[in-house]
$ cat start_29.txt   # compact mmCIF, C-alpha atoms and all ligand atoms
# COMPACT_ATOMS: atom_id res chain seq x y z
CA MET A 196 128.15 98.68 89.42
CA GLU A 197 127.69 95.81 91.84
CA TYR A 198 125.36 95.73 94.82
CA ASP A 199 124.06 93.04 97.11
CA VAL A 200 120.55 94.47 96.91
CA LEU A 201 118.80 96.57 94.28
CA VAL A 202 115.51 98.05 95.46
CA VAL A 203 113.13 99.49 92.82
CA GLY A 204 110.96 102.16 94.41
CA ALA A 205 111.97 104.69 97.06
CA GLY A 206 108.60 104.68 98.77
CA ALA A 207 107.63 103.47 102.21
CA ALA A 208 108.31 99.75 101.69
CA GLY A 209 111.44 100.16 99.57
CA LEU A 210 113.13 102.56 101.97
CA MET A 211 112.34 100.31 104.95
CA THR A 212 113.77 97.28 103.15
CA ALA A 213 116.92 99.27 102.36
CA ILE A 214 117.33 100.50 105.95
CA VAL A 215 117.11 97.00 107.39
CA ALA A 216 119.31 95.40 104.71
CA GLY A 217 121.88 98.20 104.91
CA GLY A 218 121.90 97.86 108.69
CA ARG A 219 122.91 94.23 108.19
CA GLY A 220 125.92 95.31 106.16
CA ARG A 221 124.41 94.69 102.72
CA ARG A 222 125.45 97.07 99.95
CA VAL A 223 122.10 98.55 98.86
CA LEU A 224 121.07 100.74 95.93
CA VAL A 225 117.52 102.17 95.82
CA VAL A 226 116.37 103.57 92.47
CA ASP A 227 113.19 105.53 91.77
CA HIS A 228 112.03 107.06 88.51
CA ALA A 229 110.34 109.94 90.35
CA ASN A 230 112.30 113.11 91.04
CA ARG A 231 112.10 112.72 94.80
CA PRO A 232 111.67 109.84 97.22
CA GLY A 233 108.56 109.10 99.26
CA LYS A 234 106.11 111.26 97.31
CA LYS A 235 103.09 109.37 98.64
CA ILE A 236 104.35 109.69 102.17
CA LEU A 237 104.59 113.46 101.65
CA MET A 238 100.96 113.60 100.41
CA SER A 239 99.60 111.24 103.00
CA GLY A 240 97.35 112.03 105.92
CA GLY A 241 96.64 115.51 104.59
CA GLY A 242 100.39 116.32 104.79
CA ARG A 243 100.78 114.89 108.30
CA CYS A 244 101.19 111.19 107.37
CA ASN A 245 99.02 108.75 109.28
CA PHE A 246 102.13 106.59 109.66
CA THR A 247 100.67 103.66 111.58
CA ASN A 248 97.72 102.37 113.53
CA THR A 249 98.31 100.92 116.99
CA GLY A 250 95.24 98.69 116.57
CA THR A 251 96.66 96.91 113.51
CA THR A 252 95.48 93.32 113.11
CA PRO A 253 95.49 91.02 110.07
CA GLY A 254 91.73 91.65 109.90
CA HIS A 255 92.42 95.19 108.69
CA PHE A 256 93.78 93.88 105.37
CA ILE A 257 92.12 92.65 102.19
CA SER A 258 93.91 89.85 100.35
CA ALA A 259 92.99 86.64 98.53
CA ASN A 260 95.05 84.96 101.26
CA PRO A 261 94.12 86.65 104.57
CA HIS A 262 96.87 84.71 106.40
CA PHE A 263 99.74 86.03 104.29
CA CYS A 264 100.23 89.32 106.16
CA LYS A 265 100.26 87.76 109.64
CA SER A 266 103.92 86.80 110.00
CA ALA A 267 105.42 90.12 108.86
CA LEU A 268 102.92 92.17 110.89
CA ALA A 269 103.71 90.14 114.01
CA ARG A 270 107.46 90.61 113.61
CA TYR A 271 107.38 94.38 112.98
CA THR A 272 104.63 96.04 114.98
CA PRO A 273 103.38 99.64 115.10
CA TRP A 274 105.44 99.99 118.29
CA ASP A 275 108.64 99.17 116.40
CA PHE A 276 107.92 101.99 113.96
CA ILE A 277 106.91 104.36 116.77
CA ALA A 278 110.28 103.62 118.42
CA MET A 279 112.03 104.81 115.23
CA VAL A 280 109.83 107.92 115.07
CA ASP A 281 110.62 108.67 118.74
CA ARG A 282 114.36 108.15 118.20
CA HIS A 283 114.17 110.89 115.58
CA ARG A 284 112.25 113.11 118.00
CA ILE A 285 109.28 113.48 115.66
CA ALA A 286 106.27 114.66 117.63
CA TRP A 287 103.05 112.77 116.91
CA HIS A 288 99.48 112.54 118.13
CA GLU A 289 96.62 110.05 118.03
CA LYS A 290 93.67 111.31 116.01
CA SER A 291 90.93 108.71 115.84
CA PRO A 292 91.60 105.74 118.12
CA GLY A 293 94.87 104.12 117.04
CA GLN A 294 95.61 106.45 114.11
CA LEU A 295 98.96 108.19 114.62
CA PHE A 296 99.89 111.36 112.73
CA CYS A 297 102.90 113.70 112.79
CA ASP A 298 102.18 116.89 114.73
CA ASP A 299 104.10 118.87 112.16
CA SER A 300 104.64 117.39 108.68
CA SER A 301 104.96 114.15 106.75
CA LYS A 302 108.26 115.57 105.46
CA GLN A 303 109.68 114.47 108.81
CA ILE A 304 108.92 110.82 108.05
CA VAL A 305 110.67 110.99 104.67
CA ARG A 306 113.60 112.81 106.30
CA MET A 307 113.78 110.12 108.98
CA LEU A 308 113.80 107.30 106.41
CA LEU A 309 116.49 109.01 104.32
CA ASP A 310 118.61 109.68 107.44
CA GLU A 311 118.27 106.01 108.38
CA CYS A 312 119.28 105.04 104.84
CA ALA A 313 122.35 107.28 105.05
CA ALA A 314 123.29 105.81 108.44
CA ALA A 315 122.99 102.32 106.97
CA GLY A 316 125.16 103.23 103.98
CA VAL A 317 122.29 102.93 101.49
CA ARG A 318 122.54 104.79 98.18
CA VAL A 319 119.25 106.34 97.02
CA GLU A 320 118.98 107.56 93.40
CA THR A 321 115.94 109.48 92.13
CA SER A 322 115.06 110.31 88.49
CA CYS A 323 116.58 106.90 87.89
CA PRO A 324 114.33 104.48 85.96
CA LEU A 325 115.29 100.83 85.73
CA SER A 326 114.84 98.89 82.51
CA ASN A 327 115.76 95.65 80.75
CA VAL A 328 115.95 93.65 83.95
CA ARG A 329 117.03 90.03 83.57
CA ALA A 330 118.20 87.24 85.79
CA THR A 331 121.83 86.12 85.65
CA THR A 332 123.59 83.12 87.20
CA ASP A 333 124.33 85.11 90.35
CA GLY A 334 121.41 87.55 90.60
CA PHE A 335 120.01 90.26 88.37
CA VAL A 336 121.19 92.92 85.98
CA GLY A 337 119.32 96.00 84.79
CA GLU A 338 119.95 99.28 83.01
CA THR A 339 119.72 102.68 84.66
CA PRO A 340 120.93 106.17 83.71
CA LEU A 341 123.88 105.36 86.02
CA GLY A 342 124.82 102.42 83.81
CA HIS A 343 124.38 98.68 84.23
CA VAL A 344 123.57 97.63 87.77
CA ARG A 345 124.20 94.09 89.00
CA ALA A 346 122.75 92.87 92.28
CA ALA A 347 122.41 89.52 94.01
CA SER A 348 118.85 90.37 95.15
CA LEU A 349 116.15 92.47 93.51
CA VAL A 350 113.37 93.98 95.62
CA VAL A 351 110.25 95.22 93.83
CA ALA A 352 108.77 98.07 95.90
CA THR A 353 106.97 100.00 93.18
CA GLY A 354 103.62 100.34 95.00
CA GLY A 355 100.22 100.37 93.29
CA LEU A 356 98.67 102.28 90.39
CA SER A 357 96.99 104.99 92.46
CA ILE A 358 97.80 108.61 91.65
CA PRO A 359 100.09 108.34 88.59
CA SER A 360 101.20 111.96 89.12
CA LEU A 361 103.00 110.78 92.29
CA GLY A 362 105.11 108.24 90.38
CA ALA A 363 102.77 105.23 90.33
CA SER A 364 103.39 102.83 87.46
CA GLY A 365 102.63 99.26 86.48
CA PHE A 366 106.33 98.43 86.29
CA GLY A 367 106.33 96.15 89.33
CA TYR A 368 103.44 94.08 87.99
CA ALA A 369 105.15 93.73 84.61
CA LEU A 370 108.38 92.66 86.31
CA ALA A 371 106.48 90.11 88.37
CA GLU A 372 104.87 88.69 85.24
CA GLN A 373 108.23 88.56 83.52
CA PHE A 374 109.37 86.16 86.24
CA GLY A 375 106.25 83.99 86.05
CA HIS A 376 104.08 85.56 88.75
CA SER A 377 100.30 85.92 88.52
CA ILE A 378 98.73 89.31 89.15
CA LEU A 379 95.35 89.20 90.85
CA PRO A 380 92.85 91.68 89.32
CA LEU A 381 93.74 95.30 90.07
CA ARG A 382 91.21 97.96 91.01
CA ALA A 383 91.10 101.26 92.82
CA GLY A 384 90.43 101.13 96.58
CA LEU A 385 89.85 103.74 99.29
CA VAL A 386 88.29 105.85 96.57
CA PRO A 387 85.22 108.13 96.29
CA LEU A 388 82.17 106.60 94.60
CA THR A 389 80.44 108.33 91.70
CA LEU A 390 76.72 108.69 91.01
CA SER A 391 75.15 109.35 87.64
CA GLY A 392 71.85 110.09 85.92
CA LYS A 393 68.82 110.37 88.17
CA HIS A 394 70.82 108.93 91.06
CA GLN A 395 73.11 111.95 90.90
CA GLU A 396 70.39 114.51 90.15
CA ARG A 397 68.47 113.57 93.29
CA TYR A 398 71.45 114.53 95.45
CA ASP A 399 72.38 117.55 93.34
CA GLY A 400 73.47 120.62 95.30
CA LEU A 401 74.38 118.69 98.44
CA ALA A 402 78.15 118.80 97.81
CA GLY A 403 79.91 119.61 101.08
CA VAL A 404 77.20 118.14 103.32
CA ALA A 405 78.63 115.52 105.72
CA LEU A 406 76.97 113.15 108.17
CA PRO A 407 77.84 110.00 110.10
CA VAL A 408 76.56 106.82 108.47
CA GLU A 409 77.07 103.11 108.55
CA ALA A 410 77.95 102.14 104.96
CA ARG A 411 77.34 98.48 104.11
CA VAL A 412 78.03 96.17 101.21
CA PRO A 413 77.76 92.38 101.44
CA GLY A 414 80.61 91.26 103.69
CA ALA A 415 81.65 94.63 105.14
CA SER A 416 80.29 97.65 106.98
CA PHE A 417 81.91 100.85 108.25
CA HIS A 418 80.55 103.42 110.71
CA ASP A 419 82.17 106.78 109.98
CA ALA A 420 81.56 110.11 108.24
CA MET A 421 80.17 110.39 104.70
CA LEU A 422 80.53 113.44 102.48
CA PHE A 423 78.50 114.43 99.42
CA THR A 424 80.77 115.60 96.58
CA HIS A 425 80.03 117.13 93.17
CA ARG A 426 80.49 113.69 91.60
CA GLY A 427 79.03 111.41 94.25
CA LEU A 428 80.01 110.27 97.72
CA SER A 429 83.21 110.35 99.72
CA GLY A 430 84.34 110.57 103.36
CA PRO A 431 85.94 107.78 105.41
CA ALA A 432 82.87 105.51 105.51
CA ILE A 433 82.59 105.55 101.72
CA LEU A 434 86.35 105.22 101.12
CA GLN A 435 86.43 102.18 103.40
CA VAL A 436 83.43 100.50 101.83
CA SER A 437 84.73 101.29 98.30
CA SER A 438 87.45 98.67 98.81
CA TYR A 439 84.69 96.05 99.06
CA TRP A 440 82.37 97.56 96.44
CA GLU A 441 82.24 96.23 92.91
CA ALA A 442 80.05 97.45 90.04
CA GLY A 443 76.45 96.52 90.75
CA ALA A 444 77.08 95.70 94.43
CA ASP A 445 74.24 96.40 96.84
CA LEU A 446 75.36 99.48 98.82
CA ARG A 447 73.21 100.50 101.76
CA LEU A 448 73.51 103.31 104.29
CA ASP A 449 72.20 103.52 107.81
CA LEU A 450 71.64 107.28 107.85
CA LEU A 451 71.10 107.36 111.62
CA PRO A 452 73.60 104.79 112.91
CA GLY A 453 73.21 103.89 116.55
CA LEU A 454 69.69 105.34 116.67
CA ASP A 455 66.36 103.53 116.47
CA ALA A 456 65.00 105.87 113.80
CA ALA A 457 61.39 104.68 114.01
CA GLN A 458 61.35 105.17 117.77
CA ALA A 459 62.92 108.63 117.43
CA LEU A 460 60.22 109.59 114.91
CA ARG A 461 57.41 108.27 117.14
CA GLU A 462 58.81 110.19 120.11
CA GLY A 463 59.13 113.29 117.91
CA ARG A 464 55.46 112.98 117.00
CA VAL A 465 54.52 113.03 120.72
CA GLU A 466 56.84 115.93 121.58
CA ARG A 467 56.32 118.10 118.48
CA PRO A 468 53.08 116.99 116.79
CA GLY A 469 52.72 120.21 114.79
CA VAL A 470 56.13 120.22 113.07
CA GLU A 471 56.62 118.69 109.65
CA LEU A 472 58.70 115.58 109.10
CA LYS A 473 61.46 117.58 107.37
CA THR A 474 61.79 119.84 110.41
CA LEU A 475 61.96 116.90 112.76
CA LEU A 476 64.50 115.12 110.55
CA SER A 477 66.58 118.34 110.45
CA SER A 478 67.23 117.84 114.16
CA LEU A 479 68.67 114.39 113.39
CA LEU A 480 70.37 114.97 110.01
CA PRO A 481 71.98 117.94 108.21
CA ARG A 482 69.12 120.29 107.34
CA ARG A 483 69.77 120.43 103.57
CA PHE A 484 69.84 116.64 103.38
CA ALA A 485 66.73 116.24 105.54
CA GLU A 486 64.84 118.66 103.30
CA ARG A 487 66.00 116.82 100.19
CA LEU A 488 64.85 113.50 101.63
CA CYS A 489 61.40 114.96 102.11
CA GLU A 490 61.33 116.61 98.66
CA VAL A 491 62.30 113.49 96.73
CA TRP A 492 61.62 110.34 98.71
CA LEU A 493 59.59 110.79 101.88
CA PRO A 494 56.06 112.20 102.32
CA ASN A 495 56.23 115.50 104.21
CA ARG A 496 53.34 116.26 106.57
CA PRO A 497 52.88 117.49 110.16
CA MET A 498 54.01 114.73 112.49
CA ARG A 499 50.55 114.24 114.01
CA GLN A 500 49.26 112.99 110.65
CA TYR A 501 51.55 109.93 110.57
CA ARG A 502 50.42 106.53 111.80
CA ASP A 503 52.82 104.25 113.64
CA ALA A 504 53.14 101.97 110.64
CA GLU A 505 54.22 104.88 108.41
CA LEU A 506 56.84 106.09 110.89
CA ASN A 507 58.12 102.55 111.30
CA ALA A 508 58.44 102.26 107.52
CA ILE A 509 60.29 105.60 107.26
CA GLY A 510 62.58 104.55 110.12
CA ALA A 511 63.33 101.28 108.32
CA GLN A 512 64.06 103.18 105.10
CA LEU A 513 66.48 105.56 106.85
CA ALA A 514 68.29 102.59 108.41
CA ASP A 515 68.69 100.78 105.10
CA TRP A 516 69.02 103.50 102.46
CA PRO A 517 69.98 102.09 99.04
CA VAL A 518 72.56 103.94 96.96
CA VAL A 519 73.14 103.14 93.31
CA ALA A 520 76.77 104.07 92.63
CA SER A 521 77.83 104.16 88.99
CA GLY A 522 81.54 103.66 89.64
CA THR A 523 84.54 105.04 91.46
CA GLU A 524 86.75 108.06 90.77
CA GLY A 525 89.46 105.55 89.80
CA TYR A 526 93.21 105.65 90.24
CA ARG A 527 93.26 109.45 89.85
CA THR A 528 92.12 109.87 93.46
CA ALA A 529 92.30 106.36 94.97
CA GLU A 530 94.58 105.94 97.96
CA VAL A 531 95.38 102.33 97.18
CA THR A 532 95.27 99.58 94.56
CA LEU A 533 93.51 96.34 95.41
CA GLY A 534 94.87 93.10 94.02
CA GLY A 535 98.47 92.71 92.85
CA VAL A 536 101.16 90.05 93.00
CA ASP A 537 99.52 86.79 94.10
CA THR A 538 100.78 86.08 97.62
CA ASP A 539 100.52 82.31 97.08
CA GLU A 540 103.70 82.65 95.03
CA VAL A 541 105.61 84.65 97.68
CA SER A 542 107.05 83.60 101.05
CA SER A 543 105.16 85.27 103.89
CA THR A 544 108.25 85.25 106.12
CA THR A 545 110.84 86.64 103.68
CA MET A 546 108.71 88.16 100.86
CA MET A 547 110.86 86.18 98.42
CA SER A 548 109.36 84.91 95.19
CA ARG A 549 108.63 81.20 94.98
CA ARG A 550 109.14 81.49 91.21
CA GLN A 551 112.52 83.25 91.02
CA PRO A 552 115.21 82.97 93.70
CA ASN A 553 116.34 86.27 95.26
CA LEU A 554 113.46 88.28 93.78
CA TYR A 555 111.37 89.99 96.50
CA PHE A 556 108.08 91.91 96.59
CA VAL A 557 107.18 94.37 99.36
CA GLY A 558 104.39 96.86 100.11
CA GLU A 559 101.39 97.65 97.99
CA VAL A 560 102.54 95.84 94.83
CA LEU A 561 101.53 92.66 96.66
CA ASP A 562 97.90 91.59 96.94
CA VAL A 563 97.63 93.03 100.47
CA THR A 564 95.55 96.19 100.94
CA GLY A 565 94.82 97.84 104.24
CA HIS A 566 91.77 99.68 105.48
CA LEU A 567 91.93 103.45 105.88
CA GLY A 568 93.75 104.61 109.01
CA GLY A 569 97.52 104.01 108.82
CA TYR A 570 97.31 100.29 108.05
CA ASN A 571 98.80 100.59 104.56
CA PHE A 572 101.96 102.21 105.86
CA GLN A 573 102.19 99.60 108.61
CA TRP A 574 102.09 96.92 105.91
CA ALA A 575 104.79 98.76 103.95
CA TRP A 576 107.04 98.97 107.04
CA ALA A 577 106.39 95.36 108.11
CA SER A 578 106.83 93.74 104.70
CA GLY A 579 109.91 95.91 104.04
CA HIS A 580 111.36 94.86 107.38
CA ALA A 581 110.76 91.16 106.62
CA ALA A 582 112.49 91.43 103.23
CA GLY A 583 115.30 93.57 104.66
CA LEU A 584 116.18 90.76 107.05
CA ALA A 585 116.23 88.20 104.25
CA VAL A 586 117.95 89.83 101.27
P1 LIG B 1 104.81 103.77 97.33
O1 LIG B 1 103.76 104.18 96.36
O2 LIG B 1 104.95 104.48 98.61
O3 LIG B 1 106.22 103.77 96.62
C1 LIG B 1 106.44 103.21 95.35
C2 LIG B 1 107.62 103.93 94.75
O4 LIG B 1 107.97 103.25 93.55
C3 LIG B 1 107.32 105.36 94.35
O5 LIG B 1 108.29 106.21 94.90
C4 LIG B 1 107.34 105.35 92.85
O6 LIG B 1 107.84 106.56 92.29
C5 LIG B 1 108.29 104.20 92.59
N1 LIG B 1 108.12 103.61 91.25
C6 LIG B 1 106.97 103.25 90.65
N2 LIG B 1 107.24 102.78 89.44
C7 LIG B 1 108.57 102.82 89.26
C8 LIG B 1 109.44 102.48 88.19
N3 LIG B 1 108.96 102.02 87.04
N4 LIG B 1 110.78 102.67 88.37
C9 LIG B 1 111.26 103.18 89.52
N5 LIG B 1 110.48 103.52 90.57
C10 LIG B 1 109.15 103.35 90.42
N6 LIG B 1 98.46 105.02 103.89
C11 LIG B 1 98.52 105.11 105.24
O7 LIG B 1 98.80 104.11 105.90
N7 LIG B 1 98.30 106.31 105.87
C12 LIG B 1 98.01 107.44 105.18
O8 LIG B 1 97.88 108.53 105.76
C13 LIG B 1 97.90 107.35 103.76
N8 LIG B 1 97.54 108.44 103.03
C14 LIG B 1 97.54 108.36 101.66
C15 LIG B 1 97.23 109.50 100.91
C16 LIG B 1 97.25 109.45 99.52
C17 LIG B 1 96.90 110.67 98.72
C18 LIG B 1 97.59 108.23 98.88
C19 LIG B 1 97.65 108.14 97.37
C20 LIG B 1 97.89 107.10 99.62
C21 LIG B 1 97.85 107.15 101.02
N9 LIG B 1 98.15 106.02 101.78
C22 LIG B 1 98.17 106.12 103.14
C23 LIG B 1 98.52 104.74 101.15
C24 LIG B 1 100.06 104.63 101.18
O9 LIG B 1 100.63 105.82 100.68
C25 LIG B 1 100.55 103.45 100.34
O10 LIG B 1 99.85 102.28 100.66
C26 LIG B 1 102.04 103.23 100.58
O11 LIG B 1 102.75 104.38 100.18
C27 LIG B 1 102.53 102.01 99.81
O12 LIG B 1 103.93 101.93 100.00
P2 LIG B 1 104.83 101.31 98.86
O13 LIG B 1 106.24 101.55 99.29
O14 LIG B 1 104.41 99.94 98.55
O15 LIG B 1 104.53 102.18 97.55

$ encode --input "start_29.txt" --output "structure tokens" --more "lines below"
Ligand code: FDA
Amino acid sequence: MEYDVLVVGAGAAGLMTAIVAGGRGRRVLVVDHANRPGKKILMSGGGRCNFTNTGTTPGHFISANPHFCKSALARYTPWDFIAMVDRHRIAWHEKSPGQLFCDDSSKQIVRMLLDECAAAGVRVETSCPLSNVRATTDGFVGETPLGHVRAASLVVATGGLSIPSLGASGFGYALAEQFGHSILPLRAGLVPLTLSGKHQERYDGLAGVALPVEARVPGASFHDAMLFTHRGLSGPAILQVSSYWEAGADLRLDLLPGLDAAQALREGRVERPGVELKTLLSSLLPRRFAERLCEVWLPNRPMRQYRDAELNAIGAQLADWPVVASGTEGYRTAEVTLGGVDTDEVSSTTMMSRRQPNLYFVGEVLDVTGHLGGYNFQWAWASGHAAGLAV
């Protein structure tokens, strides 16, 4: 079997590459070892796929080379993808500012991509692993259950390691290494943090309690919701900060973001001098959490008994609350994989390898990882589009 382009991975980036290449008249085969295409798209956004973010900027991505993503993102914008979604009459809505979701189901996005593939003459084969890939004088050859496949260009779109049950594998990294690429250290991102020992016991029984916080580690901070889980902490603020957290990193929470906590406590003392601190804090924080704070960490007395200095100290503590995380939940629940194929060895305009002609890398397999909020799909679409124009 001969193709112009062989794409490994029928996920977001691979299907977009195929659509654009097929639209240019290239003969394209997409193979995926999973039993259906776009499994992560189906799972994404709670089943409604947060398919882009209209506020996308290069600053929303983590990469050893922060400039790498700029060219592709500038040439395929969220509005280009929205135009495709609109052409397919898929209804969508904006949830948080900039985050676009399907009104109905993420199945519509997969259907749209497969319809676009069909219109572009792309062949998509699932349950079709690729093995024994090697370079030839005029491209690549590999083995599949369909037989030997030869293609002038090979596009690696195998995604990251997150959620192996959805088809994730390290195949793309191994293929990259086979052709002389370096893989920057891989770790789980957008992932809940775990607590252990006394650090877990102190928050025991709070699972399900949520509150807005500003979560900070050196170099990054995120103001969003936090959720206590049975194993530790989750919610958007924690998922976001997890991509910047490494073992031992100093993680701090502002438990009352946007509020001068000391001032609020001093005012509370004037207005309600007879109530205890835990009661006053329950008007500012979820009651169960406020009570726990006063059981374990803070002295609990009627407000009139506190001096200014004590309230100022409590306010400062609430604004800079240290959390000792023991780790993350890992690839089992992570939304993304940080690190990946070193972008210094890949062209930022075409996504072609600088090590091996006509070998391309798109999407999450590259060392480009977006924040939470539709940025990862936007990177998949944009990098796939760039490669699709070049293969
Ligand atoms: P993707 O993972 O989509 O596709 C890779 C494909 O390669 C898979 O189909 C896989 O089966 C295939 N493959 C792997 N190894 C192979 C092999 N050896 N042979 C053949 N095929 C192989 N992002 C976002 O922007 N908005 C959101 O709402 C969400 N929500 C979300 C929820 C959950 C639960 C997860 C896990 C992730 C998200 N994400 C997200 C992140 C987003 O899903 C992710 O960044 C993109 O899907 C990456 O696109 P890729 O095409 O690079 O990989």

$ closest_residue --input "start_29.txt" --among "A:Glu490, A:Thr332, A:Val350, A:Val541" --to "Gly209 in chain A" --atoms "all atoms listed in the file"
A:Val350

$ atom_distance --input "start_29.txt" --atom1 "CA of Gly218 in chain A" --atom2 "CA of Ala314 in chain A"
8.1 Å

$ axis_aligned_box --input "start_29.txt" --around "range 223-236 of chain A" --padding-each-side "3 Å" --output "lines of an AutoDock Vina configuration file"
center_x = 112.6
center_y = 105.8
center_z = 95.3
size_x = 25.0
size_y = 20.6
size_z = 19.7

$ closest_residue --input "start_29.txt" --among "A:Ile214, A:Leu451, A:Ala582, A:Val344" --to "Phe556 in chain A" --atoms "only C-alpha atoms"
A:Ala582

$ residues_around --input "start_29.txt" --residues "Ile358 in chain A" --least-positions-apart "3" --cutoff "7 Å" --atoms "all atoms listed in the file" --output "count of residues only"
6

$ atom_distance --input "start_29.txt" --atom1 "CA of Leu488 in chain A" --atom2 "CA of Ala511 in chain A"
14.0 Å

$ decode --input "start_29.txt" --residues "range 406-449 of chain A" --atoms "C-alpha atoms" --output "PDB file, in the first residue's frame"
ATOM      1  CA  LEU A 406     -13.981  27.008  47.486  1.00  0.00           C
ATOM      2  CA  PRO A 407     -12.350  29.666  45.323  1.00  0.00           C
ATOM      3  CA  VAL A 408      -8.626  30.060  45.966  1.00  0.00           C
ATOM      4  CA  GLU A 409      -5.552  31.507  44.395  1.00  0.00           C
ATOM      5  CA  ALA A 410      -3.095  28.596  44.119  1.00  0.00           C
ATOM      6  CA  ARG A 411       0.554  29.626  43.816  1.00  0.00           C
ATOM      7  CA  VAL A 412       3.863  27.919  43.163  1.00  0.00           C
ATOM      8  CA  PRO A 413       7.042  29.795  42.260  1.00  0.00           C
ATOM      9  CA  GLY A 414       6.483  31.195  38.771  1.00  0.00           C
ATOM     10  CA  ALA A 415       2.720  30.648  38.452  1.00  0.00           C
ATOM     11  CA  SER A 416      -0.571  31.394  40.174  1.00  0.00           C
ATOM     12  CA  PHE A 417      -4.180  30.578  39.308  1.00  0.00           C
ATOM     13  CA  HIS A 418      -7.390  32.022  40.754  1.00  0.00           C
ATOM     14  CA  ASP A 419     -10.169  29.454  40.394  1.00  0.00           C
ATOM     15  CA  ALA A 420     -12.091  26.795  42.322  1.00  0.00           C
ATOM     16  CA  MET A 421     -10.391  24.167  44.504  1.00  0.00           C
ATOM     17  CA  LEU A 422     -11.987  20.894  45.560  1.00  0.00           C
ATOM     18  CA  PHE A 423     -11.043  18.585  48.440  1.00  0.00           C
ATOM     19  CA  THR A 424     -10.991  14.934  47.316  1.00  0.00           C
ATOM     20  CA  HIS A 425     -10.540  11.669  49.220  1.00  0.00           C
ATOM     21  CA  ARG A 426      -6.884  11.637  48.155  1.00  0.00           C
ATOM     22  CA  GLY A 427      -6.003  15.324  48.248  1.00  0.00           C
ATOM     23  CA  LEU A 428      -6.853  18.391  46.212  1.00  0.00           C
ATOM     24  CA  SER A 429      -8.379  18.963  42.800  1.00  0.00           C
ATOM     25  CA  GLY A 430     -10.518  21.550  40.984  1.00  0.00           C
ATOM     26  CA  PRO A 431      -9.357  23.907  38.224  1.00  0.00           C
ATOM     27  CA  ALA A 432      -6.993  25.987  40.398  1.00  0.00           C
ATOM     28  CA  ILE A 433      -5.136  22.868  41.531  1.00  0.00           C
ATOM     29  CA  LEU A 434      -5.118  21.233  38.073  1.00  0.00           C
ATOM     30  CA  GLN A 435      -3.632  24.402  36.603  1.00  0.00           C
ATOM     31  CA  VAL A 436      -0.975  24.795  39.261  1.00  0.00           C
ATOM     32  CA  SER A 437      -0.127  21.057  39.086  1.00  0.00           C
ATOM     33  CA  SER A 438       1.476  21.660  35.679  1.00  0.00           C
ATOM     34  CA  TYR A 439       4.015  23.905  37.427  1.00  0.00           C
ATOM     35  CA  TRP A 440       4.345  21.853  40.621  1.00  0.00           C
ATOM     36  CA  GLU A 441       7.227  19.483  41.163  1.00  0.00           C
ATOM     37  CA  ALA A 442       7.903  17.292  44.203  1.00  0.00           C
ATOM     38  CA  GLY A 443       8.898  19.498  47.115  1.00  0.00           C
ATOM     39  CA  ALA A 444       7.716  22.726  45.459  1.00  0.00           C
ATOM     40  CA  ASP A 445       6.353  25.426  47.748  1.00  0.00           C
ATOM     41  CA  LEU A 446       2.577  25.421  47.152  1.00  0.00           C
ATOM     42  CA  ARG A 447       0.582  28.198  48.775  1.00  0.00           C
ATOM     43  CA  LEU A 448      -3.112  29.042  48.738  1.00  0.00           C
ATOM     44  CA  ASP A 449      -4.821  32.360  49.210  1.00  0.00           C
TER      45      ASP A 449
END
